[in-house]
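Beneath this line is the structure, given in structure tokens, with notes to follow.
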Amino acid sequence: MIQQFGPFLLLLVWLCTSKEAMGQQFTVSGFIKDSTNGESLPGATVQVLHSTNGVHTNTYGFYSITLPAGNYILLYSFLGFESKAVALSLNSNVTQHLQLYPRSYQAREVVITDKRKDANVKNTDMGRAELTALQVKKIPALMGEVDVLKALQLMPGVQAAGEGNAGFYVRGGGPDQNLILLDEAPVYNTGHLFGFFSVFNADAIRNTTLIKGGMPANYGGRLSSVVDISMKEGNNKTFQGEGGLGLIASRLSFQGPIKKDKASFIVSGRRTYIDLITKPVINNTSYKGSGYYFYDLNVKMNYTFSDKDRIYLSGYLGKDVFSFRNKDRTFDVKIPWGNTTATLRWNHVFNQKLFANTSLIYNDYKFKFSAIQNNFDIGLSSGISDVNLKTDFDYYPHVKHHIRFGGNYIRHTFTPSTVSGQQDSTRFNPENAFKKYAHEAALYLMDDWEISPRLQLNAGVRYSGFMQIGPYTRYNRDATGNKTDSTVYGRGQPVKTYGGIEPRIILRWSWNDFSSIKASVTRNYQFIHLVSNAGTSLPTDVWVPSTYLVQPQIAWQYSAGYFRNFSNNAYEASAEVYYKSLQHQIEYREGYTPSLDDPEKDFVFGRGEAYGMELFVNKKKGRFTGWLGYTLAWTWRRFPDLNNGNRYPAKYDRRHDLALVGSYDLNKRWTFSGVFIYGTGNTTTLPETFYFIEGTLVQGYGNINAYRMAPYHRLDLAAIYTPVPKRPNKRVKGSWTFSVYNVYSRKNPYFIYFDQEGSAVNGTLKVSAKQVSLFPVLPSVTYNFKF
């Protein structure tokens, strides 16, 4: 490992120390926070006036800038806040903490973002998008349920998994190729109501970052994208609350200081009341006891011990429960599923140039199914749970260098399927042979180096390793799939090991203050896989590890783009092209039917490629804000055992994707917004022939995904009414959100099935294709309040 990283480390040390050797230098460092609630301001700018030198705060609001001895004026700024200039006579190291004041509380809520005005031109980020909770809450929502993942679907390169679904695909990758983090904890199933709503409560979220191209080296384990969601820290100045009453769910959040200016908390909950609304109706039918509900609970606390130490403890608990009962209780089904995450983080400042964050993370996803019919009951469960220890360092050796390095270790436990049952007094509860265990670990090193005012380089390398361990029994099979013999591995004994180096390089060249060209090359490994037989992620899908049979997925992605700002940074524009090659992709074999056997025996493996172009124009200032995103893309797969070995379009191949998003602040009372979406129809596999075998109608299928459904398009509108309180100091302030989903009631295709009419006996049988659509025009109203 040291030999692999050695030359890179020596180069970085030489680059970072050569300039310091030229003269005596000192460091200014500290934290920048919001004066109204004490929360850190990530991405705030610290600029040396009358020079090109400057830095940004990290995720926790920490900054460090090293300069030669002398007199300086440092300008601290953050969009939506009053800038503050501080004069310094730098002849020793200085610790300078600062609180910035919002221009006005209302203005802050509208315009706050986590990046400087010209960040898209000046930094090395590619394929990156950031959304705050306030931006998301302005977008029209299905049933009034604000959803951050559906907001991300409006970005170029991101495709919705289906009508109303919170799942998404990024640049030709599958749903399992997106790493979704909530306060650093992976979330393996992100959907409520079988995927129609995400598990993320907007009231608990501070900001969301999507990275779909040029993934930096501190992220790993997935091929396509990272969605990094940060929860609010909690107000350490005063107590406050907010919530909302919607058509299907209500929310309530409360936050405040535990110890003023040192410790704070936030608690946020959400629950649907579909079951409560339908209960009076169902109780008068033979389906009494049937119902569905989901809930979320977000909790976060933090404590500042000193200027050098701070801890955070955050957690999430979410669950869906579906139940069905018929008359006389002869058939009873219950399906609960949900996520649990917990993150303990420790921030430590070693010195004015070195900042560290160490995290202990637990996450667990479980799905259960239980059914009782007469005197027979059966249970099925699956899931995945992890324990993760990681540490990340930020090192600021020079004003032109920001070095990050660290590592992590994950212990995985996979439960693809566990079956139990009972009939009368006979109980069936076998020890499941398909439970799997694995270690995953990684080390990374990266440097964001401003070589000159025009040229900036973000170079990094990551080494990832994965080991499947026992207890495990490996079966050998003959040509027909029957087991012949086996190899038994004891607890902790290595079964199969994989690993590899993942280089990440991003280069930015700018010839003026409003234009730049960027290019990136990245390699990614993915060691865990979501096995799905549907077009989107469902609770019944299972996560499986890389094994002696299942190799890790590997992707190379190449991208390049032109970035341009207009009208004093009021408009951002970019055009990016990309090419992605994918190895060791996984699908089910042809003719697969679900079984209780190890799913590995039903896998087939192949390759894929994706390429395309993305256009993005974003208006950030003024009463009218919004963006236009357009994607032209191709996504292909080739499996030797599928489609006669011929290349075919992936189920998420979509040629054109267009999203128009706009918001207009008419006055203090009214804000109007709208979204228009157009997309080429999804690919699908349909039967080409119909024939009879012994009186049974049989369908003959053609090539995989050879047909496309009709194009998808939809218009959503919303209006937010905020009454101006008669008393300025009124404690409770409310607003009304009126939205209409699918304004012109477009019947968008969800799936196609074939219906039979007539009789084959008398020759009147007709088979016709019929389209199923889900949502017509749907109005909704939500009342939101703060106190």
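Identifiers in the structure tokens: chain A, B, ... in order shown; residue index from 1 per chain; ligand index from 1 in order shown.
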Name all residues at most 9 Å from stretch 211-219 of chain A (count only C-alpha atoms; drop same-chain ones fewer than 5 positions away) and give them as a PDB file with C-alpha atoms, in the first residue's frame.
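Saved result, part.pdb, follows:
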ATOM      1  CA  THR A 124     -13.096  21.904  -9.991  1.00  0.00           C
ATOM      2  CA  ASP A 125     -16.581  20.469  -9.451  1.00  0.00           C
ATOM      3  CA  MET A 126     -18.172  18.660 -12.382  1.00  0.00           C
ATOM      4  CA  GLY A 127     -21.663  17.243 -12.592  1.00  0.00           C
ATOM      5  CA  ARG A 128     -22.432  18.776  -9.206  1.00  0.00           C
ATOM      6  CA  ALA A 129     -25.776  20.222  -8.086  1.00  0.00           C
ATOM      7  CA  GLU A 130     -26.804  21.622  -4.721  1.00  0.00           C
ATOM      8  CA  GLY A 157     -28.410  13.531 -16.339  1.00  0.00           C
ATOM      9  CA  VAL A 158     -30.876  12.341 -13.682  1.00  0.00           C
ATOM     10  CA  VAL A 170     -27.903   8.787 -13.190  1.00  0.00           C
ATOM     11  CA  ARG A 171     -26.028   8.808 -16.486  1.00  0.00           C
ATOM     12  CA  ASN A 178     -26.219   5.787  -6.398  1.00  0.00           C
ATOM     13  CA  LEU A 179     -24.636   6.268  -2.969  1.00  0.00           C
ATOM     14  CA  SER A 224     -22.857   6.566 -10.852  1.00  0.00           C
ATOM     15  CA  SER A 225     -23.435   9.267  -8.261  1.00  0.00           C
ATOM     16  CA  VAL A 226     -23.377  10.481  -4.679  1.00  0.00           C
ATOM     17  CA  VAL A 227     -26.327  12.170  -2.983  1.00  0.00           C
ATOM     18  CA  ASP A 228     -24.964  13.679   0.229  1.00  0.00           C
ATOM     19  CA  ASP A 392     -11.328  12.225   7.168  1.00  0.00           C
ATOM     20  CA  ARG A 404      -7.810  15.641   2.014  1.00  0.00           C
ATOM     21  CA  PHE A 405      -6.987  12.106   3.088  1.00  0.00           C
ATOM     22  CA  GLY A 406      -8.558   9.389   5.175  1.00  0.00           C
ATOM     23  CA  GLY A 407     -10.034   5.938   5.217  1.00  0.00           C
ATOM     24  CA  LEU A 443      -7.899   4.654   1.829  1.00  0.00           C
ATOM     25  CA  TYR A 444      -7.808   7.868  -0.175  1.00  0.00           C
ATOM     26  CA  LEU A 445      -5.634  10.911  -0.817  1.00  0.00           C
ATOM     27  CA  MET A 446      -6.510  14.005  -2.855  1.00  0.00           C
ATOM     28  CA  ASN A 458      -8.044  18.137  -8.281  1.00  0.00           C
ATOM     29  CA  ALA A 459      -6.035  14.906  -8.277  1.00  0.00           C
ATOM     30  CA  GLY A 460      -6.777  11.969  -6.055  1.00  0.00           C
ATOM     31  CA  VAL A 461      -6.391   8.252  -5.671  1.00  0.00           C
ATOM     32  CA  ARG A 462      -8.458   5.762  -3.721  1.00  0.00           C
ATOM     33  CA  GLU A 502      -9.378   4.204  -8.294  1.00  0.00           C
ATOM     34  CA  PRO A 503      -7.688   7.290  -9.791  1.00  0.00           C
ATOM     35  CA  ARG A 504      -9.696  10.520  -9.877  1.00  0.00           C
ATOM     36  CA  ILE A 505      -8.495  13.553 -11.854  1.00  0.00           C
ATOM     37  CA  ILE A 506     -10.366  16.812 -12.533  1.00  0.00           C
ATOM     38  CA  ALA A 519     -12.381  17.716 -17.793  1.00  0.00           C
ATOM     39  CA  SER A 520     -12.344  14.656 -15.569  1.00  0.00           C
ATOM     40  CA  VAL A 521     -11.410  10.980 -15.559  1.00  0.00           C
ATOM     41  CA  THR A 522     -12.583   8.711 -12.751  1.00  0.00           C
ATOM     42  CA  ARG A 523     -12.559   5.006 -11.957  1.00  0.00           C
ATOM     43  CA  ASN A 524     -14.954   3.461  -9.455  1.00  0.00           C
ATOM     44  CA  GLN A 557     -16.142   7.764 -16.666  1.00  0.00           C
ATOM     45  CA  TYR A 558     -14.755  10.501 -18.891  1.00  0.00           C
ATOM     46  CA  SER A 559     -16.395  13.924 -18.979  1.00  0.00           C
ATOM     47  CA  TYR A 578     -19.657  12.198 -20.863  1.00  0.00           C
TER      48      TYR A 578
END
Kindly assemble as a Markdown table a list of the stretch 331-421 of chain A residues that lie within 12 Å of stretch 463-483 of chain A, each paired with its nearest atom pair and their distance in Å to one decimal, using only C-alpha atoms, sorted first by chain and then by ascending residue number.
| residue | atom | partner | partner_atom | distance |
| --- | --- | --- | --- | --- |
| A:Phe405 | CA | A:Tyr463 | CA | 11.6 |
| A:Gly406 | CA | A:Tyr463 | CA | 10.9 |
| A:Gly407 | CA | A:Tyr463 | CA | 9.3 |
| A:Asn408 | CA | A:Ser464 | CA | 9.5 |
| A:Tyr409 | CA | A:Gly465 | CA | 9.6 |
| A:Ile410 | CA | A:Phe466 | CA | 9.4 |
| A:Arg411 | CA | A:Met467 | CA | 9.9 |
| A:His412 | CA | A:Gln468 | CA | 9.1 |
| A:Thr413 | CA | A:Gln468 | CA | 10.1 |
| A:Phe414 | CA | A:Gln468 | CA | 10.6 |
Just to be explicit: take each residue in the selection above, keep C-alpha atoms, and write the result as a JSON list (two decimals), in the first residue's frame.
[["chain", "number", "residue", "atom", "x", "y", "z"],
["A", 405, "PHE", "CA", -6.99, 12.11, 3.09],
["A", 406, "GLY", "CA", -8.56, 9.39, 5.17],
["A", 407, "GLY", "CA", -10.03, 5.94, 5.22],
["A", 408, "ASN", "CA", -12.93, 3.82, 6.30],
["A", 409, "TYR", "CA", -13.83, 0.27, 7.27],
["A", 410, "ILE", "CA", -17.29, -1.34, 6.91],
["A", 411, "ARG", "CA", -18.55, -4.63, 8.30],
["A", 412, "HIS", "CA", -21.46, -5.83, 6.11],
["A", 413, "THR", "CA", -24.13, -8.38, 7.01],
["A", 414, "PHE", "CA", -26.38, -9.47, 4.12]]
If we count only C-alpha atoms, what is near A:Asp641 at a cut-off of 8 Å, once residues fewer than 5 positions away on the same chain are taken out, given as a list in words?
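Non-adjacent residues within range: Arg589, Glu590, Val604 and Phe605 of chain A.
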Produce a file of the selected residues containing N, CA and C atoms, as a PDB file, in the first residue's frame.
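Final file, again32.pdb:
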ATOM      1  N   ARG A 589     -31.065 -14.246 -15.286  1.00  0.00           N
ATOM      2  CA  ARG A 589     -31.081 -15.045 -16.509  1.00  0.00           C
ATOM      3  C   ARG A 589     -32.474 -15.011 -17.144  1.00  0.00           C
ATOM      4  N   GLU A 590     -32.522 -15.350 -18.442  1.00  0.00           N
ATOM      5  CA  GLU A 590     -33.808 -15.411 -19.128  1.00  0.00           C
ATOM      6  C   GLU A 590     -34.657 -16.529 -18.527  1.00  0.00           C
ATOM      7  N   VAL A 604     -26.682 -13.504 -14.454  1.00  0.00           N
ATOM      8  CA  VAL A 604     -25.824 -13.484 -15.633  1.00  0.00           C
ATOM      9  C   VAL A 604     -25.087 -12.149 -15.629  1.00  0.00           C
ATOM     10  N   PHE A 605     -23.945 -12.117 -16.325  1.00  0.00           N
ATOM     11  CA  PHE A 605     -23.054 -10.969 -16.209  1.00  0.00           C
ATOM     12  C   PHE A 605     -22.693 -10.431 -17.589  1.00  0.00           C
TER      13      PHE A 605
END
What are the DSSP strand (DSSP E) residues of stretch 258-376 of chain A, as a PyMOL selection string?
chain A and resi 258-259+263-272+291-304+309-325+331-351+354-373+376
Would you list the contacts of A:Ser417 as a ChimeraX atom specification, taking every protein, DNA or RNA residue within 7 Å and counting only C-alpha atoms, but skipping same-chain residues closer than 2 positions in sequence?
/A:380-382,415,419
Name the closest residue to A:Gly500 among the candidates A:Gln47, A:Gln526, A:Asn742, A:Thr635; distances are taken between atoms, counting only C-alpha atoms.
A:Gln526
To one decimal place in Å, what is the distance between atom CA of A:Asp716 and atom CA of A:Tyr295?
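About the pair atom CA of A:Asp716 and atom CA of A:Tyr295: they are 26.0 Å apart.
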In Å, how far is it from atom CA of A:Ala141 to atom CA of A:Thr208?
17.3 Å
As a ChimeraX atom specification, please: the residues near A:Leu74 (cut-off 7 Å, only C-alpha atoms, same-chain neighbours under 2 positions excluded).
/A:46-49,72,76,85-87
Just write the chosen residues, N, CA and C atoms, as a PDB file, in the first residue's frame.
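Output file selection-v2.pdb follows:
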ATOM      1  N   VAL A  46     -13.423  33.034   2.382  1.00  0.00           N
ATOM      2  CA  VAL A  46     -12.473  33.899   3.074  1.00  0.00           C
ATOM      3  C   VAL A  46     -11.502  34.402   2.021  1.00  0.00           C
ATOM      4  N   GLN A  47     -11.619  35.698   1.682  1.00  0.00           N
ATOM      5  CA  GLN A  47     -10.865  36.267   0.568  1.00  0.00           C
ATOM      6  C   GLN A  47      -9.873  37.302   1.076  1.00  0.00           C
ATOM      7  N   VAL A  48      -8.632  37.241   0.567  1.00  0.00           N
ATOM      8  CA  VAL A  48      -7.636  38.266   0.856  1.00  0.00           C
ATOM      9  C   VAL A  48      -7.845  39.405  -0.130  1.00  0.00           C
ATOM     10  N   LEU A  49      -8.236  40.586   0.386  1.00  0.00           N
ATOM     11  CA  LEU A  49      -8.528  41.707  -0.502  1.00  0.00           C
ATOM     12  C   LEU A  49      -7.295  42.113  -1.298  1.00  0.00           C
ATOM     13  N   TYR A  72      -2.946  42.450   6.331  1.00  0.00           N
ATOM     14  CA  TYR A  72      -3.960  41.997   5.385  1.00  0.00           C
ATOM     15  C   TYR A  72      -5.341  42.449   5.841  1.00  0.00           C
ATOM     16  N   TYR A  76     -14.800  38.113   4.820  1.00  0.00           N
ATOM     17  CA  TYR A  76     -15.588  36.906   5.073  1.00  0.00           C
ATOM     18  C   TYR A  76     -16.965  37.111   4.443  1.00  0.00           C
ATOM     19  N   ALA A  85     -15.342  42.500   6.898  1.00  0.00           N
ATOM     20  CA  ALA A  85     -13.909  42.665   6.661  1.00  0.00           C
ATOM     21  C   ALA A  85     -13.180  42.742   7.995  1.00  0.00           C
ATOM     22  N   VAL A  86     -12.079  42.026   8.109  1.00  0.00           N
ATOM     23  CA  VAL A  86     -11.275  41.994   9.333  1.00  0.00           C
ATOM     24  C   VAL A  86      -9.831  42.317   8.968  1.00  0.00           C
ATOM     25  N   ALA A  87      -9.264  43.353   9.608  1.00  0.00           N
ATOM     26  CA  ALA A  87      -7.867  43.730   9.379  1.00  0.00           C
ATOM     27  C   ALA A  87      -6.979  42.926  10.318  1.00  0.00           C
TER      28      ALA A  87
END
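Checking A:Phe787, A:Gly221, A:Ala719, A:Thr341 one by one against A:Ser253, counting only C-alpha atoms, you find the shortest gap at A:Phe787.
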What does the distance between atom CA of A:Val387 and atom CA of A:Ile361 come to in Å, to one decimal place?
5.8 Å
Distance criterion (only C-alpha atoms): nearest to A:Phe26 out of A:Ile65, A:Phe331, A:Leu154, A:His439
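Of all the options, A:Ile65 lies closest to A:Phe26.
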List the spatial neighbours of A:Lys619 as a list in words - criterion: any atom at most 12 Å away, only C-alpha atoms, same-chain residues fewer than 6 positions off excluded.
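Using only C-alpha atoms, the neighbours found are Val111, Lys117, Asn565, Phe566, Ser567, Asn568, Asn569, Ala570, Tyr571, Glu572, Ala573, Thr625, Gly626, Trp627, Leu628, Gly629, Leu660, Val661, Gly662, Ser663 and Tyr664 of chain A.
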